[in-house]
Amino acid sequence: MRATLMYAADDVRVEDVDDPKVHQPTDAVVRIVLSCICGSDLWPYKSLAPTDQPRHMGHEFLGVVEETGSEVRGFKRGDVVVAPFVYSDNTCVYCREGLQTSCVHGGQWGVNGVDGGQGQAARVPHADGTLVKLPVAEDSELLPDLLTLSDVLCTGYHAARTAGVQRGDTVTVIGDGAVGLGAVISAKLLGAEQIILMGRHQVRTDLGRDFGATDVVAERGEEGVARVKELTGGEGSRKVLECVGLKDALAQSFGVVRAGGTISRVGAPQYPEVPFGFGDFLRNITLTGGVAPARAYIEELMPHILDGSIHPGRVFDSTLPLENIAEGYQAMNERASLKVAIRP
């Protein structure tokens with residue numbers, strides 16, 4: 001089959017790799033119908049050192065079950081399924097607590113002999129625990145919306161849930177990328193009254209307004225903090241959702257949160273230390289967040305997509321064939337595209 005490999009920064013290739021096969025009785029093989037490039041894929045795209053053992057890329061995909069192992073009970077050939085961005089057995093002590101990202105038998109796509117999601121097919125370990133059946137056909141118009149359940153919508157929802165967003169809240173979302181826009185959708189679903197989106201790319205912030213943002217703040221630094229406080233009666237936001245992963249974004253979060261408020265960070269952190277000093281300690285700020293257990297949220301969020309109340313698939317502003325995926329990486333890296341969908 002064809003699959004995406006990364007050999008070094010700015011060196012993404014589509015090459016022939018071994019076809020996936022059932023290795024364990026709990027495996028399934030899924031023919032991928034739709035996948036995408038994640039913002040987190042851009043970090044190695046910017047910095048990966050040259051290697052003779054390329055990374056198999058991609059962790060967001062949906063498709064059709066082609067083969068199942070002898071112990072797979074929940075799926076059969078022909079089922080349309082979505083895969084969260086890590087696999088898990090969904091039965092261990094952590095999975096039972098809704099923390100599938102810490103599954104004792106789980107792991108990441110594209111490593112340790114497991115296929116990546118940016119290819120024509122993938123072997124899915126622990127298929128019964130990992131996959132979620134989609135009640136649509138493989139040519140459904142809802143596929144882009146449903147693909148966001150693999151990562152970005154669930155990650156934005158994780159930010160809102162761990163922050164404790166509730167009806168009537170004032171929420172500030174830091175970052176106008178796909179995760180930030182998913183956080184806007186999620187804050188609205190949870191009943192936030194005021195949703196301030198901090199971003200400076202108008203096409204994206206306009207989409208954020210469509211998703212439920214009540215205000216947009218393009219300023220950064222002290223000007224951005226002052227603007228958010230102006231919009232919130234001088235207090236700042238009760239809940240802040242940091243969806244970037246850079247230290248400056250976290251510092252901005254501490255600037256706009258009100259005393260007694262909560263910051264949830266879900267942007268993959270690209271810094272080793274947290275700027276949480278004594279002054280913020282005195283304000284009783286709560287810092288939470290982390291990697292999103294997407295598998296815990298898929299079935300909760302899916303009905304909102306199926307009934308048409310949300311359309312998170314609008315974050316995909318470009319669709320490319322697999323063979324042209326390098327163009328998608330370049331477009332996202334240059335911010336010419338928000339998020340690129342890939343059709344094998």
# chains A, B, ... in the order shown; residues from 1 in each chain; ligands from 1

call {"tool": "residues_around", "arguments": {"residues": "Ser40 (chain A)", "least_positions_apart": "3", "cutoff": "8 Å", "atoms": "only C-alpha atoms", "output": "list in words"}}
result
Trp43, Pro44 and Ala268 of chain A

call {"tool": "residues_around", "arguments": {"residues": "region 138-141 of chain A", "least_positions_apart": "4", "cutoff": "9 Å", "atoms": "only C-alpha atoms", "output": "PDB file with N, CA and C atoms, in the first residue's frame"}}
result
ATOM      1  N   VAL A  33     -10.593   5.809   4.369  1.00  0.00           N
ATOM      2  CA  VAL A  33     -11.397   6.580   3.421  1.00  0.00           C
ATOM      3  C   VAL A  33     -11.069   8.068   3.507  1.00  0.00           C
ATOM      4  N   GLY A  63     -12.568   5.005   8.229  1.00  0.00           N
ATOM      5  CA  GLY A  63     -12.562   4.127   7.065  1.00  0.00           C
ATOM      6  C   GLY A  63     -13.500   2.960   7.230  1.00  0.00           C
ATOM      7  N   VAL A  64     -13.207   1.887   6.496  1.00  0.00           N
ATOM      8  CA  VAL A  64     -14.073   0.713   6.421  1.00  0.00           C
ATOM      9  C   VAL A  64     -13.291  -0.509   6.880  1.00  0.00           C
ATOM     10  N   ASP A  79     -18.069  -2.407   8.073  1.00  0.00           N
ATOM     11  CA  ASP A  79     -18.436  -1.362   9.029  1.00  0.00           C
ATOM     12  C   ASP A  79     -17.616  -0.095   8.779  1.00  0.00           C
ATOM     13  N   VAL A  80     -18.274   1.043   8.847  1.00  0.00           N
ATOM     14  CA  VAL A  80     -17.598   2.335   8.750  1.00  0.00           C
ATOM     15  C   VAL A  80     -17.241   2.762  10.172  1.00  0.00           C
ATOM     16  N   ASP A 145     -17.000  16.043   9.072  1.00  0.00           N
ATOM     17  CA  ASP A 145     -17.410  16.361  10.437  1.00  0.00           C
ATOM     18  C   ASP A 145     -17.042  15.229  11.390  1.00  0.00           C
TER      19      ASP A 145
END

call {"tool": "residues_around", "arguments": {"residues": "Lys21 (chain A)", "least_positions_apart": "5", "cutoff": "10 Å", "atoms": "only C-alpha atoms", "output": "ChimeraX atom specification"}}
result
/A:27-30,67-69,121-124

call {"tool": "write_last_selection", "arguments": {"atoms": "all heavy atoms", "output": "PDB file, in the first residue's frame"}}
result
ATOM      1  N   ASP A  27      -6.837  -7.637  16.548  1.00  0.00           N
ATOM      2  CA  ASP A  27      -6.593  -6.624  15.514  1.00  0.00           C
ATOM      3  C   ASP A  27      -7.741  -6.543  14.516  1.00  0.00           C
ATOM      4  O   ASP A  27      -8.507  -7.498  14.333  1.00  0.00           O
ATOM      5  CB  ASP A  27      -5.330  -6.960  14.695  1.00  0.00           C
ATOM      6  CG  ASP A  27      -4.036  -6.773  15.457  1.00  0.00           C
ATOM      7  OD1 ASP A  27      -4.064  -6.157  16.537  1.00  0.00           O
ATOM      8  OD2 ASP A  27      -2.992  -7.235  14.948  1.00  0.00           O
ATOM      9  N   ALA A  28      -7.804  -5.403  13.838  1.00  0.00           N
ATOM     10  CA  ALA A  28      -8.628  -5.250  12.633  1.00  0.00           C
ATOM     11  C   ALA A  28      -7.799  -4.500  11.604  1.00  0.00           C
ATOM     12  O   ALA A  28      -6.879  -3.740  11.945  1.00  0.00           O
ATOM     13  CB  ALA A  28      -9.919  -4.494  12.921  1.00  0.00           C
ATOM     14  N   VAL A  29      -8.111  -4.701  10.345  1.00  0.00           N
ATOM     15  CA  VAL A  29      -7.515  -3.924   9.260  1.00  0.00           C
ATOM     16  C   VAL A  29      -8.594  -3.005   8.704  1.00  0.00           C
ATOM     17  O   VAL A  29      -9.695  -3.460   8.361  1.00  0.00           O
ATOM     18  CB  VAL A  29      -6.950  -4.835   8.152  1.00  0.00           C
ATOM     19  CG1 VAL A  29      -6.487  -3.997   6.960  1.00  0.00           C
ATOM     20  CG2 VAL A  29      -5.797  -5.666   8.696  1.00  0.00           C
ATOM     21  N   VAL A  30      -8.273  -1.717   8.640  1.00  0.00           N
ATOM     22  CA  VAL A  30      -9.216  -0.706   8.168  1.00  0.00           C
ATOM     23  C   VAL A  30      -8.690  -0.077   6.889  1.00  0.00           C
ATOM     24  O   VAL A  30      -7.536   0.377   6.837  1.00  0.00           O
ATOM     25  CB  VAL A  30      -9.425   0.385   9.244  1.00  0.00           C
ATOM     26  CG1 VAL A  30     -10.251   1.548   8.688  1.00  0.00           C
ATOM     27  CG2 VAL A  30     -10.100  -0.203  10.469  1.00  0.00           C
ATOM     28  N   GLU A  67     -10.951  -6.496   7.527  1.00  0.00           N
ATOM     29  CA  GLU A  67     -10.617  -7.804   8.096  1.00  0.00           C
ATOM     30  C   GLU A  67     -10.590  -7.670   9.613  1.00  0.00           C
ATOM     31  O   GLU A  67     -10.226  -6.619  10.147  1.00  0.00           O
ATOM     32  CB  GLU A  67      -9.248  -8.263   7.581  1.00  0.00           C
ATOM     33  CG  GLU A  67      -8.824  -9.638   8.013  1.00  0.00           C
ATOM     34  CD  GLU A  67      -7.444 -10.028   7.492  1.00  0.00           C
ATOM     35  OE1 GLU A  67      -6.828  -9.220   6.783  1.00  0.00           O
ATOM     36  OE2 GLU A  67      -6.992 -11.140   7.817  1.00  0.00           O
ATOM     37  N   THR A  68     -10.974  -8.731  10.309  1.00  0.00           N
ATOM     38  CA  THR A  68     -10.937  -8.710  11.770  1.00  0.00           C
ATOM     39  C   THR A  68     -10.267  -9.979  12.291  1.00  0.00           C
ATOM     40  O   THR A  68     -10.341 -11.051  11.667  1.00  0.00           O
ATOM     41  CB  THR A  68     -12.351  -8.623  12.382  1.00  0.00           C
ATOM     42  OG1 THR A  68     -13.138  -9.726  11.921  1.00  0.00           O
ATOM     43  CG2 THR A  68     -13.017  -7.307  12.000  1.00  0.00           C
ATOM     44  N   GLY A  69      -9.610  -9.849  13.452  1.00  0.00           N
ATOM     45  CA  GLY A  69      -9.040 -11.005  14.110  1.00  0.00           C
ATOM     46  C   GLY A  69     -10.118 -11.858  14.756  1.00  0.00           C
ATOM     47  O   GLY A  69     -11.268 -11.435  14.932  1.00  0.00           O
ATOM     48  N   ALA A 121      -4.370   2.215   4.289  1.00  0.00           N
ATOM     49  CA  ALA A 121      -4.988   1.272   5.235  1.00  0.00           C
ATOM     50  C   ALA A 121      -4.155   1.263   6.507  1.00  0.00           C
ATOM     51  O   ALA A 121      -3.041   1.783   6.549  1.00  0.00           O
ATOM     52  CB  ALA A 121      -5.065  -0.129   4.630  1.00  0.00           C
ATOM     53  N   ALA A 122      -4.708   0.664   7.546  1.00  0.00           N
ATOM     54  CA  ALA A 122      -3.997   0.580   8.814  1.00  0.00           C
ATOM     55  C   ALA A 122      -4.446  -0.639   9.588  1.00  0.00           C
ATOM     56  O   ALA A 122      -5.628  -0.998   9.590  1.00  0.00           O
ATOM     57  CB  ALA A 122      -4.239   1.836   9.656  1.00  0.00           C
ATOM     58  N   ARG A 123      -3.474  -1.274  10.254  1.00  0.00           N
ATOM     59  CA  ARG A 123      -3.803  -2.298  11.243  1.00  0.00           C
ATOM     60  C   ARG A 123      -4.152  -1.591  12.540  1.00  0.00           C
ATOM     61  O   ARG A 123      -3.409  -0.736  13.013  1.00  0.00           O
ATOM     62  CB  ARG A 123      -2.607  -3.234  11.463  1.00  0.00           C
ATOM     63  CG  ARG A 123      -2.865  -4.288  12.538  1.00  0.00           C
ATOM     64  CD  ARG A 123      -1.704  -5.268  12.654  1.00  0.00           C
ATOM     65  NE  ARG A 123      -0.513  -4.651  13.220  1.00  0.00           N
ATOM     66  CZ  ARG A 123      -0.221  -4.609  14.512  1.00  0.00           C
ATOM     67  NH1 ARG A 123      -1.077  -5.110  15.407  1.00  0.00           N
ATOM     68  NH2 ARG A 123       0.903  -4.054  14.930  1.00  0.00           N
ATOM     69  N   VAL A 124      -5.279  -1.959  13.121  1.00  0.00           N
ATOM     70  CA  VAL A 124      -5.761  -1.333  14.351  1.00  0.00           C
ATOM     71  C   VAL A 124      -5.645  -2.333  15.491  1.00  0.00           C
ATOM     72  O   VAL A 124      -6.401  -3.314  15.554  1.00  0.00           O
ATOM     73  CB  VAL A 124      -7.224  -0.870  14.210  1.00  0.00           C
ATOM     74  CG1 VAL A 124      -7.721  -0.278  15.521  1.00  0.00           C
ATOM     75  CG2 VAL A 124      -7.355   0.129  13.074  1.00  0.00           C
TER      76      VAL A 124
END

call {"tool": "closest_residue", "arguments": {"among": "A:Tyr297, A:Phe276, A:Tyr271, A:Tyr157", "to": "Gly255 (chain A)", "atoms": "only C-alpha atoms"}}
result
A:Phe276

call {"tool": "closest_atom_pairs", "arguments": {"of": "region 19-66 of chain A", "to": "region 305-325 of chain A", "cutoff": "12 Å", "atoms": "only C-alpha atoms", "output": "Markdown table"}}
result
| residue | atom | partner | partner_atom | distance |
| --- | --- | --- | --- | --- |
| A:Ile32 | CA | A:Leu322 | CA | 10.8 |
| A:Val33 | CA | A:Leu322 | CA | 10.7 |
| A:Leu34 | CA | A:Thr319 | CA | 9.6 |
| A:Ser35 | CA | A:Leu322 | CA | 9.1 |
| A:Cys36 | CA | A:Thr319 | CA | 8.5 |
| A:Ile37 | CA | A:Ile325 | CA | 8.4 |
| A:Cys38 | CA | A:Phe316 | CA | 10.8 |
| A:Gly39 | CA | A:Val315 | CA | 12.0 |
| A:Met57 | CA | A:Ile325 | CA | 10.7 |
| A:Gly58 | CA | A:Ile325 | CA | 11.0 |

call {"tool": "closest_residue", "arguments": {"among": "A:Asp89, A:Asp280, A:Asp151, A:Asp11", "to": "Val104 (chain A)", "atoms": "only C-alpha atoms"}}
result
A:Asp89

call {"tool": "atom_distance", "arguments": {"atom1": "CA of Pro50 (chain A)", "atom2": "CA of Thr4 (chain A)"}}
result
15.7 Å

call {"tool": "residues_around", "arguments": {"residues": "Val184 (chain A)", "least_positions_apart": "4", "cutoff": "12 Å", "atoms": "only C-alpha atoms", "output": "PyMOL selection string"}}
result
chain A and resi 152-160+165+170-180+188-198+204-216+240-243+310-312

call {"tool": "residues_around", "arguments": {"residues": "Gly289 (chain A)", "least_positions_apart": "4", "cutoff": "8 Å", "atoms": "only C-alpha atoms", "output": "list of chain:residue names"}}
result
A:His158, A:Ala159, A:Thr162, A:Ala163, A:Ile263, A:Ser264, A:Arg265, A:Val266

call {"tool": "atom_distance", "arguments": {"atom1": "CA of Val244 (chain A)", "atom2": "CA of Cys95 (chain A)"}}
result
26.3 Å

call {"tool": "residues_around", "arguments": {"residues": "Thr286 (chain A)", "least_positions_apart": "2", "cutoff": "8 Å", "atoms": "only C-alpha atoms", "output": "PyMOL selection string"}}
result
chain A and resi 260-263+284+288

call {"tool": "select_by_dssp", "arguments": {"residues": "region 145-289 of chain A", "states": "alpha helix (DSSP H)", "output": "number ranges by chain"}}
result
A: 145-147, 152-163, 178-189, 202-211, 221-231, 247-256, 278-282

call {"tool": "closest_atom_pairs", "arguments": {"of": "region 88-155 of chain A", "to": "region 292-295 of chain A", "cutoff": "10 Å", "atoms": "only C-alpha atoms", "output": "JSON lines"}}
result
{"residue": "A:Ser88", "atom": "CA", "partner": "A:Arg295", "partner_atom": "CA", "distance": 8.5}
{"residue": "A:Asn90", "atom": "CA", "partner": "A:Arg295", "partner_atom": "CA", "distance": 8.3}
{"residue": "A:Cys95", "atom": "CA", "partner": "A:Pro293", "partner_atom": "CA", "distance": 8.9}
{"residue": "A:Gly98", "atom": "CA", "partner": "A:Pro293", "partner_atom": "CA", "distance": 6.9}
{"residue": "A:Leu99", "atom": "CA", "partner": "A:Pro293", "partner_atom": "CA", "distance": 5.5}
{"residue": "A:Gln100", "atom": "CA", "partner": "A:Pro293", "partner_atom": "CA", "distance": 5.4}
{"residue": "A:Thr101", "atom": "CA", "partner": "A:Pro293", "partner_atom": "CA", "distance": 5.2}
{"residue": "A:Ser102", "atom": "CA", "partner": "A:Pro293", "partner_atom": "CA", "distance": 8.4}
{"residue": "A:Cys103", "atom": "CA", "partner": "A:Pro293", "partner_atom": "CA", "distance": 9.9}
{"residue": "A:Gly129", "atom": "CA", "partner": "A:Arg295", "partner_atom": "CA", "distance": 8.7}
{"residue": "A:Thr130", "atom": "CA", "partner": "A:Arg295", "partner_atom": "CA", "distance": 7.2}
{"residue": "A:Leu131", "atom": "CA", "partner": "A:Arg295", "partner_atom": "CA", "distance": 8.3}
{"residue": "A:Val132", "atom": "CA", "partner": "A:Arg295", "partner_atom": "CA", "distance": 8.2}
{"residue": "A:Leu149", "atom": "CA", "partner": "A:Ala294", "partner_atom": "CA", "distance": 7.2}
{"residue": "A:Ser150", "atom": "CA", "partner": "A:Ala294", "partner_atom": "CA", "distance": 6.6}
{"residue": "A:Asp151", "atom": "CA", "partner": "A:Ala294", "partner_atom": "CA", "distance": 6.2}
{"residue": "A:Val152", "atom": "CA", "partner": "A:Ala294", "partner_atom": "CA", "distance": 8.8}
{"residue": "A:Leu153", "atom": "CA", "partner": "A:Ala294", "partner_atom": "CA", "distance": 8.6}
{"residue": "A:Cys154", "atom": "CA", "partner": "A:Ala294", "partner_atom": "CA", "distance": 5.2}
{"residue": "A:Thr155", "atom": "CA", "partner": "A:Ala292", "partner_atom": "CA", "distance": 5.1}

call {"tool": "closest_residue", "arguments": {"among": "A:Leu143, A:Leu181, A:Ala83, A:Val257", "to": "Arg283 (chain A)", "atoms": "only C-alpha atoms"}}
result
A:Val257
